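Q: Please see the structure below; I have some questions.
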Amino acid sequence: MISTAFVLGAGLGTRLRPLTEHRPKPLVPIFDKPLITFAFDHLMASGVRRFVVNTHHCANAYTALLGMENNAAIYRGCPIQFSHEPVLLETGGGIKRAAPLLGEEPFIVYNGDVLADFPLDSLIAAHEGSGNLATLALRSEGAERRIQWDQPSGLITDMRGLIGGRNEPAFLFTGISIISPEVLNHIPAGEIVSIIPVLVDLLRAGGRIGGVVIDEGDWFDIGNINSYMEVHSIIASRKQGISYLEEAWPTSIQNKAHIDSTAEIRGCTIVGEGASIGARARLENVIVWPGENVVAGSMIKNAVISNGTVTQSSCTHGCEPA
């Protein structure tokens with residue numbers, strides 16, 4: 001059983017601007033639920049009971065959301081410790097900086113800006129007792145298939161073509177992995193470095209870097225405005241939520257939202273908690289963040305309303321609200 005996870009929360013989210021101007025990307029809401037809390041819930045369903053989150057951009061937004069007590073936050077009874085990076089250190093550097101908080105046992109690394117709903121048990125089983133320095137969760141479909149994996153041995157043979165000379169099929173890295181503490185000895189302290197070149201160096205030295213392909217369930221990369229809109233549409237169109245969440249989620253019209261009786265709501269429109277939709281407003285495929293105000297007579301389609309700003313999307317995949 002793996003009890004600790006390092007959740008990456010320090011990203012700038014530049015491709016999601018202006019949504020991320022005043023909050024870290026992992027805190028953008030999905031049906032009013034902060035994205036990073038899906039990672040927490042997913043990990044807790046597989047036995048994780050302690051979290052470390054790195055922060056950088058708008059770090060105080062995490063404590064505002066989760067609260068702080070004795071230098072730790074609590075999420076559903078599980079402690080969350082924060083590792084702040086005044087200078088963004090990327091994945092490897094962030095893990096190294098957080099090392100004193102991670103303990104001496106293998107831990108799960110989970111990108112805080114992905115939404116995944118697939119079983120983690122096979123990843124944990126593939127790592128335990130394998131002798132792997134790291135084990136990566138892979139998928140066989142996706143645009144960014146840059147990890148080569150040998151199925152008979154269960155080992156990764158190349159990453160991003162940095163080693164070369166291999167003919168194994170390429171797979172997508174989900175951003176979810178298990179790291180053994182020995183890897184930390186190979187990450188330079190205080191340097192800006194991704195975990196990928198660290199793992200590649202270990203591969204070249206003969207280290208075991210494993211992988212397991214998990215194609216069941218869902219995996220969403222919330223990379224830009226269009227993919228942010230699309231994940232809402234896909235989830236709403238299924239009339240079902242995420243396997244590890246309560247059945248009440250998702251809800252399109254949140255608590256304490258006020259919608260004037262003359263307003264018109266169409267397609268996959270989500271109205272956040274405390275938001276207000278004025279008289280004769282017409283919204284179609286619009287995500288209204290909590291507390292936002294849509295003035296009377298507004299006509300908005302295929303957009304996100306956040307921080308008082310309307311951000312248009314070219315995503316036109318509409319659906320009936322859940």
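Residue numbering restarts at 1 in every chain; chains get A, B, ... in the order shown in the structure tokens, and ligands count up from 1 in that same order.
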Give me, as number ranges by chain, the residues of region 121-248 of chain A that a backbone DSSP run labels strand (DSSP E).

A: A: 134-139, 145-150, 155-159, 170-179, 209-213, 218-221

Q: Please, could you write that set of residues out with C-alpha atoms as a PDB file, in the first residue's frame?

A:
```pdb
ATOM      1  CA  ALA A 134       9.849   4.393 -11.168  1.00  0.00           C
ATOM      2  CA  THR A 135       6.676   3.054 -12.781  1.00  0.00           C
ATOM      3  CA  LEU A 136       4.583   5.168 -15.146  1.00  0.00           C
ATOM      4  CA  ALA A 137       0.872   4.897 -15.932  1.00  0.00           C
ATOM      5  CA  LEU A 138       0.520   4.833 -19.730  1.00  0.00           C
ATOM      6  CA  ARG A 139      -2.261   4.854 -22.291  1.00  0.00           C
ATOM      7  CA  ARG A 145       2.631   9.135 -27.460  1.00  0.00           C
ATOM      8  CA  ARG A 146       6.329   9.586 -26.731  1.00  0.00           C
ATOM      9  CA  ILE A 147       7.075   6.774 -24.282  1.00  0.00           C
ATOM     10  CA  GLN A 148       8.328   3.486 -25.696  1.00  0.00           C
ATOM     11  CA  TRP A 149       7.452   0.429 -23.629  1.00  0.00           C
ATOM     12  CA  ASP A 150       8.368  -3.247 -23.929  1.00  0.00           C
ATOM     13  CA  LEU A 155      10.002  -1.836 -18.878  1.00  0.00           C
ATOM     14  CA  ILE A 156      10.232   1.517 -20.616  1.00  0.00           C
ATOM     15  CA  THR A 157      12.972   1.605 -23.229  1.00  0.00           C
ATOM     16  CA  ASP A 158      12.913   5.230 -24.374  1.00  0.00           C
ATOM     17  CA  MET A 159      11.327   8.544 -23.498  1.00  0.00           C
ATOM     18  CA  ALA A 170       4.846   4.397 -28.266  1.00  0.00           C
ATOM     19  CA  PHE A 171       2.443   5.264 -25.474  1.00  0.00           C
ATOM     20  CA  LEU A 172       1.089   8.380 -23.794  1.00  0.00           C
ATOM     21  CA  PHE A 173       2.320   9.230 -20.292  1.00  0.00           C
ATOM     22  CA  THR A 174      -0.676  10.153 -18.150  1.00  0.00           C
ATOM     23  CA  GLY A 175       1.269  12.303 -15.691  1.00  0.00           C
ATOM     24  CA  ILE A 176       0.688   9.704 -12.967  1.00  0.00           C
ATOM     25  CA  SER A 177       3.587   7.589 -11.731  1.00  0.00           C
ATOM     26  CA  ILE A 178       5.195   5.961  -8.723  1.00  0.00           C
ATOM     27  CA  ILE A 179       8.671   7.064  -7.697  1.00  0.00           C
ATOM     28  CA  ILE A 209      11.937   2.233 -15.235  1.00  0.00           C
ATOM     29  CA  GLY A 210       8.656   0.393 -15.638  1.00  0.00           C
ATOM     30  CA  GLY A 211       5.291   1.122 -17.140  1.00  0.00           C
ATOM     31  CA  VAL A 212       1.778  -0.236 -17.131  1.00  0.00           C
ATOM     32  CA  VAL A 213      -0.841   0.466 -19.793  1.00  0.00           C
ATOM     33  CA  ASP A 218     -11.142   8.327 -18.565  1.00  0.00           C
ATOM     34  CA  TRP A 219      -8.151  10.600 -18.829  1.00  0.00           C
ATOM     35  CA  PHE A 220      -8.541  14.292 -19.626  1.00  0.00           C
ATOM     36  CA  ASP A 221      -5.742  16.798 -20.074  1.00  0.00           C
TER      37      ASP A 221
END
```

Q: Do you know which residues are at most 12 Å from region 276-278 of chain A counting only C-alpha atoms, after dropping those on the same chain fewer than 3 positions away, and could you put them as a PyMOL selection string?

A: chain A and resi 253-265+269-273+281-283+286-300+305

Q: Using N, CA and C atoms, can you export the residues from the last selection as an mmCIF file, in the first residue's frame?

A:
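That gives us result-v5.cif:
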```cif
data_model
loop_
_atom_site.group_PDB
_atom_site.id
_atom_site.type_symbol
_atom_site.label_atom_id
_atom_site.label_comp_id
_atom_site.auth_asym_id
_atom_site.auth_seq_id
_atom_site.Cartn_x
_atom_site.Cartn_y
_atom_site.Cartn_z
ATOM 1 N N ILE A 253 -26.487 23.497 -12.130
ATOM 2 C CA ILE A 253 -26.868 24.730 -11.452
ATOM 3 C C ILE A 253 -26.536 24.547 -9.976
ATOM 4 N N GLN A 254 -25.560 25.309 -9.490
ATOM 5 C CA GLN A 254 -25.038 25.090 -8.151
ATOM 6 C C GLN A 254 -25.883 25.805 -7.084
ATOM 7 N N ASN A 255 -25.617 25.431 -5.849
ATOM 8 C CA ASN A 255 -26.316 26.029 -4.724
ATOM 9 C C ASN A 255 -26.123 27.552 -4.712
ATOM 10 N N LYS A 256 -27.164 28.245 -4.324
ATOM 11 C CA LYS A 256 -27.141 29.691 -4.139
ATOM 12 C C LYS A 256 -26.913 30.467 -5.439
ATOM 13 N N ALA A 257 -27.033 29.776 -6.578
ATOM 14 C CA ALA A 257 -27.012 30.494 -7.857
ATOM 15 C C ALA A 257 -28.397 31.108 -8.088
ATOM 16 N N HIS A 258 -28.413 32.311 -8.631
ATOM 17 C CA HIS A 258 -29.691 32.975 -8.899
ATOM 18 C C HIS A 258 -29.830 33.175 -10.408
ATOM 19 N N ILE A 259 -30.908 32.609 -10.959
ATOM 20 C CA ILE A 259 -31.190 32.754 -12.382
ATOM 21 C C ILE A 259 -32.559 33.404 -12.511
ATOM 22 N N ASP A 260 -32.599 34.571 -13.115
ATOM 23 C CA ASP A 260 -33.865 35.268 -13.300
ATOM 24 C C ASP A 260 -34.832 34.404 -14.106
ATOM 25 N N SER A 261 -36.088 34.519 -13.767
ATOM 26 C CA SER A 261 -37.104 33.667 -14.408
ATOM 27 C C SER A 261 -37.229 33.931 -15.904
ATOM 28 N N THR A 262 -36.761 35.091 -16.373
ATOM 29 C CA THR A 262 -36.830 35.394 -17.805
ATOM 30 C C THR A 262 -35.549 35.032 -18.552
ATOM 31 N N ALA A 263 -34.536 34.564 -17.817
ATOM 32 C CA ALA A 263 -33.278 34.170 -18.468
ATOM 33 C C ALA A 263 -33.450 32.823 -19.159
ATOM 34 N N GLU A 264 -32.636 32.597 -20.192
ATOM 35 C CA GLU A 264 -32.718 31.357 -20.974
ATOM 36 C C GLU A 264 -31.378 30.633 -20.891
ATOM 37 N N ILE A 265 -31.419 29.378 -20.433
ATOM 38 C CA ILE A 265 -30.222 28.562 -20.278
ATOM 39 C C ILE A 265 -30.294 27.408 -21.256
ATOM 40 N N THR A 269 -24.568 24.417 -20.118
ATOM 41 C CA THR A 269 -24.276 25.629 -19.365
ATOM 42 C C THR A 269 -24.217 25.293 -17.885
ATOM 43 N N ILE A 270 -23.159 25.745 -17.220
ATOM 44 C CA ILE A 270 -22.957 25.507 -15.795
ATOM 45 C C ILE A 270 -22.953 26.855 -15.093
ATOM 46 N N VAL A 271 -23.731 26.961 -14.029
ATOM 47 C CA VAL A 271 -23.805 28.212 -13.269
ATOM 48 C C VAL A 271 -23.275 27.924 -11.872
ATOM 49 N N GLY A 272 -22.189 28.591 -11.502
ATOM 50 C CA GLY A 272 -21.501 28.319 -10.256
ATOM 51 C C GLY A 272 -22.217 28.863 -9.034
ATOM 52 N N GLU A 273 -21.755 28.399 -7.889
ATOM 53 C CA GLU A 273 -22.343 28.805 -6.620
ATOM 54 C C GLU A 273 -22.271 30.322 -6.442
ATOM 55 N N ALA A 281 -31.279 37.387 -20.000
ATOM 56 C CA ALA A 281 -29.980 36.890 -20.478
ATOM 57 C C ALA A 281 -30.179 35.543 -21.173
ATOM 58 N N ARG A 282 -29.349 35.289 -22.169
ATOM 59 C CA ARG A 282 -29.428 34.011 -22.898
ATOM 60 C C ARG A 282 -28.037 33.411 -22.949
ATOM 61 N N LEU A 283 -27.871 32.242 -22.335
ATOM 62 C CA LEU A 283 -26.584 31.556 -22.282
ATOM 63 C C LEU A 283 -26.697 30.195 -22.957
ATOM 64 N N VAL A 286 -22.165 27.768 -21.812
ATOM 65 C CA VAL A 286 -21.392 28.771 -21.076
ATOM 66 C C VAL A 286 -21.101 28.236 -19.678
ATOM 67 N N ILE A 287 -19.865 28.401 -19.235
ATOM 68 C CA ILE A 287 -19.482 28.038 -17.871
ATOM 69 C C ILE A 287 -19.336 29.332 -17.087
ATOM 70 N N VAL A 288 -20.199 29.490 -16.101
ATOM 71 C CA VAL A 288 -20.198 30.689 -15.263
ATOM 72 C C VAL A 288 -19.571 30.318 -13.929
ATOM 73 N N TRP A 289 -18.447 30.911 -13.606
ATOM 74 C CA TRP A 289 -17.737 30.577 -12.374
ATOM 75 C C TRP A 289 -18.486 31.094 -11.149
ATOM 76 N N PRO A 290 -18.168 30.544 -9.995
ATOM 77 C CA PRO A 290 -18.833 30.970 -8.764
ATOM 78 C C PRO A 290 -18.728 32.481 -8.541
ATOM 79 N N GLY A 291 -19.845 33.057 -8.124
ATOM 80 C CA GLY A 291 -19.857 34.463 -7.762
ATOM 81 C C GLY A 291 -19.894 35.445 -8.916
ATOM 82 N N GLU A 292 -19.885 34.952 -10.151
ATOM 83 C CA GLU A 292 -19.891 35.863 -11.308
ATOM 84 C C GLU A 292 -21.299 36.434 -11.554
ATOM 85 N N ASN A 293 -21.338 37.580 -12.193
ATOM 86 C CA ASN A 293 -22.602 38.261 -12.466
ATOM 87 C C ASN A 293 -22.769 38.448 -13.973
ATOM 88 N N VAL A 294 -23.840 37.887 -14.521
ATOM 89 C CA VAL A 294 -24.165 38.065 -15.933
ATOM 90 C C VAL A 294 -25.283 39.101 -16.010
ATOM 91 N N VAL A 295 -25.004 40.222 -16.621
ATOM 92 C CA VAL A 295 -25.942 41.345 -16.602
ATOM 93 C C VAL A 295 -27.163 41.055 -17.475
ATOM 94 N N ALA A 296 -28.233 41.747 -17.168
ATOM 95 C CA ALA A 296 -29.488 41.578 -17.897
ATOM 96 C C ALA A 296 -29.301 41.803 -19.391
ATOM 97 N N GLY A 297 -29.949 40.943 -20.181
ATOM 98 C CA GLY A 297 -29.927 41.092 -21.628
ATOM 99 C C GLY A 297 -28.702 40.527 -22.317
ATOM 100 N N SER A 298 -27.757 39.957 -21.575
ATOM 101 C CA SER A 298 -26.540 39.403 -22.192
ATOM 102 C C SER A 298 -26.892 38.200 -23.071
ATOM 103 N N MET A 299 -26.196 38.087 -24.198
ATOM 104 C CA MET A 299 -26.336 36.924 -25.070
ATOM 105 C C MET A 299 -24.935 36.354 -25.280
ATOM 106 N N ILE A 300 -24.660 35.206 -24.658
ATOM 107 C CA ILE A 300 -23.318 34.645 -24.646
ATOM 108 C C ILE A 300 -23.392 33.175 -25.051
ATOM 109 N N ILE A 305 -17.103 32.453 -18.234
ATOM 110 C CA ILE A 305 -17.178 33.735 -17.546
ATOM 111 C C ILE A 305 -16.454 33.573 -16.220
#
```

Q: Leaving out region 183-190 of chain A and any residue of its chain fewer than 2 positions from it, which residues lie within 10 Å of it when counting only C-alpha atoms, given as a ChimeraX atom specification?

A: /A:85,87,89,92-99,106,133-134,179-181,192-195,197-199,201-202,207

Q: Residues near region 33-48 of chain A, anyone? I mean within 7 Å using only C-alpha atoms, not counting same-chain ones fewer than 6 positions away, as a list in words.

A: Met1, Ile2, Ser3, Thr4, Ala5, Pro26, Leu27, Gly112, Asp113, Leu115, Leu120, Asp121 and Tyr244 of chain A

Q: Counting only C-alpha atoms, which residue out of A:Val52, A:Ile30, A:Val304, A:Ala248 sits closest to Val231 (chain A)?

A: A:Ile30

Q: When you count only C-alpha atoms, which of these residues is closest to Ala61 (chain A): A:Glu90, A:Phe107, A:Ala10, A:Leu102?

A: A:Ala10
